[in-house]
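Student: The file below is query_5.tsv, TSV, C-alpha atoms:
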chain	number	residue	atom	x	y	z
D	1	MET	CA	36.08	-14.35	79.22
D	2	PRO	CA	36.56	-17.66	77.49
D	3	THR	CA	35.79	-17.83	73.79
D	4	HIS	CA	32.89	-20.11	73.02
D	5	GLY	CA	31.96	-21.85	69.82
D	6	SER	CA	33.68	-24.21	67.43
D	7	PRO	CA	37.07	-23.41	65.91
D	8	THR	CA	35.27	-22.65	62.65
D	9	GLN	CA	33.02	-20.11	64.35
D	10	ARG	CA	35.94	-18.56	66.19
D	11	GLY	CA	37.85	-18.39	62.91
D	12	ARG	CA	34.95	-16.62	61.24
D	13	GLU	CA	34.73	-14.09	64.05
D	14	ASN	CA	38.44	-13.31	63.83
D	15	ALA	CA	38.65	-13.43	60.06
D	16	PRO	CA	39.61	-10.17	58.37
D	17	GLU	CA	36.98	-8.83	56.01
D	18	TYR	CA	38.68	-9.07	52.64
D	19	GLY	CA	35.73	-7.83	50.66
D	20	ARG	CA	34.53	-5.13	53.01
D	21	GLY	CA	32.09	-2.91	51.13
D	22	LEU	CA	32.46	-4.99	47.99
D	23	VAL	CA	28.84	-6.18	47.81
D	24	PRO	CA	27.26	-2.68	47.93
D	25	LEU	CA	29.88	-1.45	45.48
D	26	ALA	CA	29.16	-4.34	43.09
D	27	LEU	CA	25.41	-3.75	43.37
D	28	ALA	CA	25.90	-0.04	42.67
D	29	ALA	CA	28.07	-0.87	39.65
D	30	VAL	CA	25.53	-3.33	38.23
D	31	ALA	CA	22.65	-0.90	38.81
D	32	THR	CA	24.53	2.02	37.22
D	33	VAL	CA	25.58	-0.07	34.21
D	34	GLY	CA	21.92	-1.14	33.86
D	35	VAL	CA	20.74	2.48	34.01
D	36	ALA	CA	23.44	3.51	31.51
D	37	LEU	CA	22.37	0.77	29.07
D	38	GLY	CA	18.74	1.84	29.42
D	39	LEU	CA	19.66	5.46	28.71
D	40	ILE	CA	21.90	4.54	25.76
D	41	PHE	CA	19.23	2.52	23.97
D	42	PHE	CA	16.00	4.23	25.03
D	43	TYR	CA	16.88	7.85	25.84
D	44	ALA	CA	19.92	9.03	23.89
D	45	PRO	CA	18.96	10.89	20.71
D	46	GLU	CA	20.06	9.62	17.32
D	47	GLU	CA	23.22	11.33	16.10
D	48	ALA	CA	22.78	13.03	12.72
D	49	GLN	CA	25.87	11.71	10.92
D	50	GLU	CA	26.57	8.34	12.54
D	51	GLY	CA	23.03	7.32	13.31
D	52	PHE	CA	22.53	4.23	15.49
D	53	LEU	CA	26.21	3.27	15.15
D	54	GLN	CA	27.19	6.24	17.33
D	55	ARG	CA	25.82	4.37	20.37
D	56	ILE	CA	29.06	2.39	20.44
D	57	PHE	CA	30.71	5.60	21.67
D	58	TYR	CA	28.80	5.52	24.96
D	59	LEU	CA	30.62	2.25	25.60
D	60	HIS	CA	33.94	2.78	23.84
D	61	VAL	CA	34.87	6.27	25.03
D	62	PRO	CA	34.06	5.86	28.78
D	63	LEU	CA	35.96	2.55	28.73
D	64	ALA	CA	38.97	4.28	27.15
D	65	ILE	CA	38.86	7.19	29.62
D	66	VAL	CA	38.58	4.88	32.65
D	67	CYS	CA	41.33	2.64	31.29
D	68	LEU	CA	43.78	5.50	30.70
D	69	CYS	CA	42.95	7.06	34.08
D	70	GLY	CA	43.58	3.62	35.60
D	71	PHE	CA	47.09	3.57	34.14
D	72	VAL	CA	47.81	7.05	35.52
D	73	ILE	CA	46.36	6.16	38.96
D	74	ALA	CA	48.50	2.99	38.99
D	75	GLY	CA	51.52	5.24	38.43
D	76	ALA	CA	50.53	7.38	41.43
D	77	MET	CA	50.14	4.21	43.52
D	78	ALA	CA	53.59	3.08	42.38
D	79	ILE	CA	55.01	6.42	43.57
D	80	GLN	CA	53.44	5.73	46.97
D	81	HIS	CA	55.06	2.28	46.94
D	82	LEU	CA	58.48	3.71	46.15
D	83	ARG	CA	58.05	6.34	48.87
D	84	THR	CA	56.77	4.07	51.64
D	85	ARG	CA	58.01	0.60	50.55
D	86	ASP	CA	54.60	-0.65	51.65
D	87	PRO	CA	53.83	-3.77	49.54
D	88	ARG	CA	50.10	-2.99	49.64
D	89	TRP	CA	50.71	-0.07	47.27
D	90	ASP	CA	52.46	-2.44	44.88
D	91	LEU	CA	49.45	-4.76	45.04
D	92	ARG	CA	47.10	-1.84	44.33
D	93	SER	CA	49.22	-0.64	41.42
D	94	TYR	CA	49.47	-4.18	39.99
D	95	THR	CA	45.71	-4.75	40.27
D	96	THR	CA	44.85	-1.37	38.72
D	97	ILE	CA	47.14	-2.04	35.76
D	98	HIS	CA	45.66	-5.53	35.39
D	99	ILE	CA	42.07	-4.28	35.22
D	100	SER	CA	43.11	-1.37	32.97
D	101	LEU	CA	44.58	-3.94	30.56
D	102	VAL	CA	41.29	-5.87	30.57
D	103	PHE	CA	39.49	-2.61	29.78
D	104	ALA	CA	42.09	-1.79	27.10
D	105	VAL	CA	41.30	-5.04	25.29
D	106	ALA	CA	37.60	-4.08	25.40
D	107	VAL	CA	38.46	-0.60	24.05
D	108	LEU	CA	40.48	-2.03	21.16
D	109	ILE	CA	37.76	-4.51	20.20
D	110	SER	CA	34.85	-2.05	20.48
D	111	GLY	CA	36.89	0.59	18.60
D	112	SER	CA	37.70	-1.82	15.80
D	113	ILE	CA	34.05	-2.78	15.44
D	114	TRP	CA	33.09	0.88	15.25
D	115	ALA	CA	35.87	1.58	12.69
D	116	ARG	CA	34.65	-1.29	10.53
D	117	GLY	CA	31.09	0.05	10.59
D	118	SER	CA	32.05	3.67	10.08
D	119	TRP	CA	35.20	3.59	7.90
D	120	GLY	CA	34.91	0.11	6.41
D	121	HIS	CA	38.24	-0.96	7.96
D	122	TRP	CA	38.99	-2.82	11.17
D	123	TRP	CA	42.11	-0.76	11.76
D	124	VAL	CA	43.57	2.43	10.27
D	125	TRP	CA	47.30	2.82	10.80
D	126	SER	CA	47.29	6.50	9.84
D	127	GLU	CA	44.92	7.36	12.72
D	128	PRO	CA	47.01	8.77	15.60
D	129	THR	CA	44.45	8.03	18.34
D	130	LEU	CA	44.21	4.36	17.45
D	131	VAL	CA	47.95	3.89	17.09
D	132	SER	CA	48.80	5.80	20.27
D	133	PHE	CA	46.29	3.70	22.24
D	134	LEU	CA	47.78	0.52	20.77
D	135	ILE	CA	51.28	1.70	21.78
D	136	ILE	CA	50.06	2.33	25.35
D	137	PHE	CA	48.41	-1.10	25.41
D	138	LEU	CA	51.56	-2.84	24.13
D	139	LEU	CA	53.67	-0.89	26.62
D	140	TYR	CA	51.55	-2.13	29.53
D	141	ALA	CA	51.42	-5.63	28.05
D	142	THR	CA	55.11	-5.88	28.97
D	143	TYR	CA	54.36	-5.17	32.64
D	144	GLN	CA	53.53	-8.77	33.56
D	145	PRO	CA	56.53	-10.31	31.72
D	146	LEU	CA	58.77	-7.70	33.39
D	147	ARG	CA	57.51	-8.77	36.82
D	148	PHE	CA	57.80	-12.44	35.93
D	149	SER	CA	61.40	-12.02	34.82
D	150	ILE	CA	62.49	-10.87	38.30
D	151	GLU	CA	62.52	-13.57	40.93
D	152	ASP	CA	63.31	-11.58	44.07
D	153	PRO	CA	59.91	-10.23	45.29
D	154	GLU	CA	61.28	-6.97	46.66
D	155	ARG	CA	63.30	-6.14	43.55
D	156	GLN	CA	60.36	-7.18	41.38
D	157	ALA	CA	58.05	-4.75	43.20
D	158	ARG	CA	60.58	-1.92	42.99
D	159	TYR	CA	61.26	-2.34	39.27
D	160	ALA	CA	57.55	-2.75	38.54
D	161	SER	CA	56.83	0.49	40.38
D	162	VAL	CA	59.48	2.36	38.41
D	163	PHE	CA	57.92	0.98	35.22
D	164	ALA	CA	54.40	1.98	36.36
D	165	VAL	CA	55.56	5.54	37.14
D	166	ALA	CA	57.34	5.97	33.78
D	167	ALA	CA	54.49	4.41	31.78
D	168	GLY	CA	51.89	6.35	33.79
D	169	ALA	CA	53.66	9.59	32.88
D	170	PHE	CA	53.73	8.53	29.23
D	171	VAL	CA	49.92	8.22	29.04
D	172	PRO	CA	49.04	11.95	29.34
D	173	ILE	CA	52.02	12.82	27.13
D	174	ALA	CA	50.73	10.49	24.40
D	175	TYR	CA	47.22	11.94	24.79
D	176	ALA	CA	48.53	15.51	24.51
D	177	ALA	CA	50.66	14.60	21.50
D	178	VAL	CA	47.62	13.19	19.70
D	179	GLN	CA	45.59	16.29	20.60
D	180	MET	CA	48.28	18.51	19.16
D	181	SER	CA	48.70	16.47	15.98
D	182	SER	CA	47.25	17.92	12.84
D	183	ALA	CA	45.22	14.94	11.61
D	184	TYR	CA	41.83	14.96	13.32
D	185	LEU	CA	40.23	12.03	11.61
D	186	HIS	CA	39.08	10.34	14.80
D	187	PRO	CA	35.90	11.84	16.29
D	188	ARG	CA	36.56	13.42	19.70
D	189	VAL	CA	34.12	13.36	22.53
D	190	LEU	CA	36.12	15.64	24.80
D	191	GLY	CA	37.94	17.47	22.03
D	192	PRO	CA	36.89	20.36	19.81
D	193	THR	CA	34.40	18.42	17.63
D	194	TYR	CA	32.30	16.97	20.43
D	195	ALA	CA	33.03	19.64	23.04
D	196	HIS	CA	29.43	20.76	23.09
D	197	LEU	CA	27.37	17.58	23.21
D	198	PRO	CA	23.61	18.13	23.30
D	199	ALA	CA	22.34	17.94	26.89
D	200	ALA	CA	20.64	14.55	26.44
D	201	MET	CA	23.78	13.01	24.95
D	202	GLY	CA	25.92	14.62	27.65
D	203	VAL	CA	23.79	13.09	30.41
D	204	VAL	CA	23.98	9.62	28.86
D	205	PHE	CA	27.73	9.96	28.37
D	206	ALA	CA	28.23	11.09	32.00
D	207	VAL	CA	26.13	8.20	33.36
D	208	SER	CA	28.12	5.74	31.20
D	209	LEU	CA	31.37	7.17	32.47
D	210	VAL	CA	30.25	6.81	36.10
D	211	ALA	CA	28.99	3.27	35.41
D	212	PHE	CA	32.27	2.08	33.92
D	213	ALA	CA	34.29	3.85	36.62
D	214	LEU	CA	32.23	1.99	39.24
D	215	LEU	CA	32.69	-1.29	37.37
D	216	PHE	CA	36.44	-0.67	37.24
D	217	THR	CA	36.60	0.08	40.97
D	218	THR	CA	34.54	-3.02	41.79
D	219	LEU	CA	36.77	-5.30	39.73
D	220	CYS	CA	39.90	-3.80	41.32
D	221	ARG	CA	38.50	-4.31	44.84
D	222	PHE	CA	37.38	-7.84	43.92
D	223	GLU	CA	40.83	-8.82	42.68
D	224	MET	CA	42.60	-7.23	45.65
D	225	ALA	CA	40.27	-9.02	48.07
D	226	ALA	CA	40.96	-12.34	46.32
D	227	LYS	CA	44.72	-11.81	46.42
D	228	ARG	CA	44.70	-10.85	50.11
D	229	ALA	CA	42.58	-13.92	50.91
D	230	ARG	CA	45.05	-16.19	49.10
D	231	TRP	CA	47.95	-14.62	50.96
D	232	ARG	CA	46.27	-15.08	54.34
D	233	LEU	CA	45.37	-18.65	53.44
D	234	ARG	CA	49.00	-19.38	52.69
D	235	ALA	CA	50.01	-17.89	56.03
D	236	ALA	CA	47.32	-19.90	57.86
D	237	ARG	CA	48.43	-23.10	56.17
D	238	ALA	CA	52.00	-22.40	57.20
D	239	ALA	CA	50.96	-21.84	60.81
D	240	LEU	CA	48.69	-24.85	60.98
D	241	LEU	CA	50.70	-27.42	59.09
D	242	GLY	CA	54.12	-26.19	60.19
D	243	GLU	CA	55.27	-25.61	56.63
D	244	THR	CA	58.62	-23.93	56.96
D	245	ASP	CA	59.76	-23.90	53.35
D	246	LEU	CA	57.73	-20.91	52.27
D	247	GLY	CA	60.85	-19.07	51.19
D	248	ALA	CA	60.87	-21.11	48.00
D	249	ARG	CA	57.97	-19.32	46.40
D	250	PRO	CA	57.30	-20.35	42.84
D	251	ARG	CA	58.27	-17.76	40.24
D	252	THR	CA	55.28	-15.49	39.76
D	253	ALA	CA	54.41	-12.06	38.42
D	254	GLN	CA	52.06	-11.45	41.32
D	255	PRO	CA	53.09	-9.00	44.03
D	256	SER	CA	54.37	-10.25	47.32
D	257	LEU	CA	52.76	-8.83	50.41
D	258	GLY	CA	55.86	-9.60	52.42
D	259	ALA	CA	55.65	-11.36	55.74
D	260	PRO	CA	52.07	-11.84	56.90
D	261	PRO	CA	51.00	-10.90	60.43
D	262	SER	CA	52.80	-13.48	62.53
D	263	PRO	CA	50.55	-16.43	63.20
D	264	ARG	CA	50.28	-17.14	66.93
D	265	PRO	CA	53.00	-19.67	67.70
D	266	ALA	CA	51.73	-23.06	68.75
D	267	VAL	CA	53.02	-23.88	72.22
D	268	ASP	CA	53.20	-27.28	73.81
D	269	ARG	CA	50.95	-27.03	76.85
D	270	GLU	CA	53.08	-29.22	79.12
D	271	SER	CA	56.62	-28.15	78.29
D	272	GLY	CA	55.84	-24.65	77.09
D	273	ALA	CA	58.12	-25.24	74.11
D	274	LEU	CA	57.53	-23.61	70.77
D	275	VAL	CA	56.15	-26.25	68.43
D	276	ALA	CA	55.77	-24.38	65.17
D	277	HIS	CA	56.29	-20.78	64.29
D	278	THR	CA	56.39	-20.09	60.63
D	279	GLN	CA	55.95	-17.08	58.48
D	280	ALA	CA	54.81	-16.98	54.92
D	281	ARG	CA	56.78	-14.59	52.79
D	282	SER	CA	54.46	-14.06	49.90
D	283	ILE	CA	51.08	-14.81	48.38
R	1	MET	CA	24.33	3.39	7.51
R	2	PRO	CA	20.93	1.71	7.57
R	3	LEU	CA	19.59	0.76	10.99
R	4	HIS	CA	19.53	-3.00	10.41
R	5	GLU	CA	23.25	-2.97	9.57
R	6	ALA	CA	24.23	-0.60	12.38
R	7	VAL	CA	22.44	-2.82	14.92
R	8	LYS	CA	24.81	-5.69	14.09
R	9	TYR	CA	27.90	-3.59	14.84
R	10	VAL	CA	26.44	-2.06	18.00
R	11	ALA	CA	25.33	-5.47	19.29
R	12	ALA	CA	28.72	-7.00	18.47
R	13	ALA	CA	30.58	-4.23	20.35
R	14	TYR	CA	28.41	-4.44	23.48
R	15	ILE	CA	28.39	-8.25	23.54
R	16	ALA	CA	32.18	-8.39	23.07
R	17	VAL	CA	32.81	-6.01	25.98
R	18	PHE	CA	30.42	-7.80	28.34
R	19	VAL	CA	31.87	-11.20	27.39
R	20	ILE	CA	35.35	-9.90	28.28
R	21	VAL	CA	34.14	-8.66	31.67
R	22	LEU	CA	32.20	-11.88	32.35
R	23	LEU	CA	35.21	-13.98	31.37
R	24	TYR	CA	37.35	-12.08	33.83
R	25	VAL	CA	34.77	-12.48	36.62
R	26	ALA	CA	34.44	-16.21	35.85
R	27	ILE	CA	38.22	-16.72	36.08
R	28	MET	CA	38.32	-14.85	39.39
R	29	ALA	CA	35.34	-16.84	40.70
R	30	ARG	CA	37.11	-20.12	39.84
R	31	ARG	CA	40.19	-19.00	41.75
R	32	LEU	CA	38.06	-18.00	44.72
R	33	ARG	CA	36.40	-21.42	44.74
R	34	LYS	CA	39.86	-22.96	45.02
R	35	VAL	CA	40.63	-20.68	47.98
R	36	GLU	CA	37.32	-21.64	49.60
R	37	ARG	CA	38.12	-25.34	49.14
R	38	SER	CA	41.53	-24.87	50.74
R	39	ILE	CA	39.99	-22.98	53.65
R	40	GLY	CA	37.53	-25.84	54.13
R	41	GLU	CA	40.38	-28.38	54.21
R	42	LEU	CA	42.36	-26.27	56.66
R	43	THR	CA	39.32	-25.78	58.89
R	44	GLN	CA	38.77	-29.54	59.00
R	45	GLN	CA	42.41	-30.16	59.86
R	46	GLY	CA	42.27	-27.47	62.53
R	47	ALA	CA	39.11	-28.94	64.02
R	48	GLY	CA	40.74	-32.39	64.03
R	49	ARG	CA	43.75	-31.00	65.89
R	50	ASP	CA	41.55	-29.22	68.43
R	51	SER	CA	39.71	-32.44	69.33
R	52	VAL	CA	42.86	-34.64	69.44
R	53	GLY	CA	45.40	-32.28	70.97
R	54	ASP	CA	43.43	-30.97	73.95
R	55	PRO	CA	43.51	-33.59	76.74
R	56	GLY	CA	41.88	-31.28	79.26
R	57	GLU	CA	38.66	-31.17	77.34
R	58	ARG	CA	38.41	-34.92	76.82
Please express what this file holds, its structure, as structure tokens.
Tutor:
Amino acid sequence: MPTHGSPTQRGRENAPEYGRGLVPLALAAVATVGVALGLIFFYAPEEAQEGFLQRIFYLHVPLAIVCLCGFVIAGAMAIQHLRTRDPRWDLRSYTTIHISLVFAVAVLISGSIWARGSWGHWWVWSEPTLVSFLIIFLLYATYQPLRFSIEDPERQARYASVFAVAAGAFVPIAYAAVQMSSAYLHPRVLGPTYAHLPAAMGVVFAVSLVAFALLFTTLCRFEMAAKRARWRLRAARAALLGETDLGARPRTAQPSLGAPPSPRPAVDRESGALVAHTQARSI
Amino acid sequence: MPLHEAVKYVAAAYIAVFVIVLLYVAIMARRLRKVERSIGELTQQGAGRDSVGDPGER
């Protein structure tokens, strides 16, 4: 059966769905964050020692947990990339680390604000939890420069994956080291001090954790969808305009998705000769 | 800490975090707009080619 409709319509019908499931996920994230905020400010009981200031913890601690889990998950994705050599795993690992870094900045800022209110200092160097988190943050801050320093996309992805695996393994080790250290100045939500949260506080904390986990997942999916769309656009431009010099990709830290699905070669209708058949190599 | 002082710190922490997230979303939205613009240009060029390069339909 012949295909009807304008080229634009046909293109829309054949277009891959980059953001499949993204809208419901985003709506769920926004709704859960809204519910969490409502619970934090209108339901959670006042903590005896910290008072109102303790409400920062419903933001700060879930963000930190999601961020650290993100780093570990990125390491697992990097293992998959090294095992399968599938560039999509590299993209997933890269995106997860990127969003985890965004969350890490939020953790450092919210933690500093809490420290200022509670201890009277923006930063305390003798506090192992703060310093270990800063070390993890600085470690992952080198991820992008590492990628940028390697021009060959395949080598870049491989080295970045090795880094993500090693750094991902370091995260639980650093956490365990802090747990085992003797100085327990920093209040612990999942440690001995806060192990038995009152039920109302526990519910609020759990909802916050789910809310920020959903937000994290949404942002990861959003960024991955955007990167895939840009990659496909580059491939489409190559096919349509006959751009053949796609091998000279500008130096970038972003992952390469390798060769895109081959665009249908344009064929001259009279001679049957191949007019343009190009492949994009990267995003 | 008195409530009126604690409110400042709590508000600052929440606003800072949501500004960071919004900033990220705004940057991504700007990039997506660029992609959309490029897709629009490509679609126009493709439509132009379809109408010019298909003698059978003329």
Student: Name all residues at most 9 Å from region 28-35 of chain R (count all atoms listed in the file; drop same-chain ones fewer than 4 positions away) and give them as JSON, numbers by chain.
Tutor: {"D": [222, 223, 226, 229, 230, 233], "R": [23, 24, 39, 40]}
Student: Using all atoms listed in the file and a cut-off of 9 Å, which residues of chain D sit close to chain R? Please list them as JSON, numbers by chain.
Tutor: {"D": [6, 7, 8, 11, 50, 51, 52, 53, 54, 55, 56, 59, 60, 102, 103, 105, 106, 107, 109, 110, 111, 112, 113, 114, 116, 117, 118, 219, 222, 223, 226, 229, 230, 233, 236, 237, 240, 241, 269]}
Student: Compute the distance from (59.3, -13.0, 42.3) to each atom, counting only C-alpha atoms, keep the residues with any atom at most 7 Å away, and return them as a short mmCIF file (atom, residue, chain, number, x, y, z; two decimals) with C-alpha atoms, keeping the file's coordinate frame; use the coordinates of the file.
Tutor:
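The result, stored in out.cif:
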data_model
loop_
_atom_site.label_atom_id
_atom_site.label_comp_id
_atom_site.auth_asym_id
_atom_site.auth_seq_id
_atom_site.Cartn_x
_atom_site.Cartn_y
_atom_site.Cartn_z
CA PHE D 148 57.80 -12.44 35.93
CA ILE D 150 62.49 -10.87 38.30
CA GLU D 151 62.52 -13.57 40.93
CA ASP D 152 63.31 -11.58 44.07
CA PRO D 153 59.91 -10.23 45.29
CA GLN D 156 60.36 -7.18 41.38
CA ARG D 251 58.27 -17.76 40.24
CA THR D 252 55.28 -15.49 39.76
CA ALA D 253 54.41 -12.06 38.42
#
Student: Determine, counting only C-alpha atoms, which protein, DNA and RNA residues have an atom within 9 Å of an atom of Tyr159 (chain D); residues of the same chain fewer than 5 positions away are not included. Present the result as a VMD selection string.
Tutor: chain D and resid 146 to 147 150 154 164
Student: Work out how far apart CA of Ile97 (chain D) and CA of His121 (chain D) are and give it in Å to one decimal.
Tutor: 29.2 Å
Student: Near Phe216 (chain D), within 8 Å and counting all atoms listed in the file, which residues show up once chain neighbours fewer than 4 positions away are dropped, as a list in words?
Tutor: Val66, Ile99, Ser100, Phe212 and Cys220 of chain D
Student: Could you check how far CA of Val165 (chain D) sits from CA of Val72 (chain D), in Å to one decimal?
Tutor: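 Calculated distance between CA of Val165 (chain D) and CA of Val72 (chain D) is 8.1 Å.
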Student: Quick one: pull the distance between CA of Arg221 (chain D) and CA of Ala29 (chain D), Å, one decimal.
Tutor: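 Going from CA of Arg221 (chain D) over to CA of Ala29 (chain D) covers 12.1 Å.
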Student: Neighbours of region 86-93 of chain D within 10 Å (all atoms listed in the file; same-chain residues fewer than 5 positions away dropped), as number ranges by chain?
Tutor: D: 70-81, 98, 153-154, 156-158, 160-161, 164-165, 220-221, 223-224, 227-228, 254-259
Student: I'd like the neighbourhood of region 130-138 of chain D as a compact mmCIF listing (two decimals) with C-alpha atoms, in the coordinates of the input, where a residue qualifies if any of its atoms comes within 9 Å (using only C-alpha atoms), though same-chain residues fewer than 2 positions away should be ignored.
Tutor:
# COMPACT_ATOMS: atom_id res chain seq x y z
CA ALA D 64 38.97 4.28 27.15
CA LEU D 68 43.78 5.50 30.70
CA LEU D 101 44.58 -3.94 30.56
CA ALA D 104 42.09 -1.79 27.10
CA VAL D 105 41.30 -5.04 25.29
CA LEU D 108 40.48 -2.03 21.16
CA GLY D 111 36.89 0.59 18.60
CA TRP D 123 42.11 -0.76 11.76
CA VAL D 124 43.57 2.43 10.27
CA TRP D 125 47.30 2.82 10.80
CA SER D 126 47.29 6.50 9.84
CA GLU D 127 44.92 7.36 12.72
CA PRO D 128 47.01 8.77 15.60
CA TYR D 140 51.55 -2.13 29.53
CA ALA D 141 51.42 -5.63 28.05
CA THR D 142 55.11 -5.88 28.97
CA ALA D 167 54.49 4.41 31.78
CA PHE D 170 53.73 8.53 29.23
CA VAL D 171 49.92 8.22 29.04
CA ALA D 174 50.73 10.49 24.40
CA TYR D 175 47.22 11.94 24.79
CA VAL D 178 47.62 13.19 19.70
CA HIS D 186 39.08 10.34 14.80
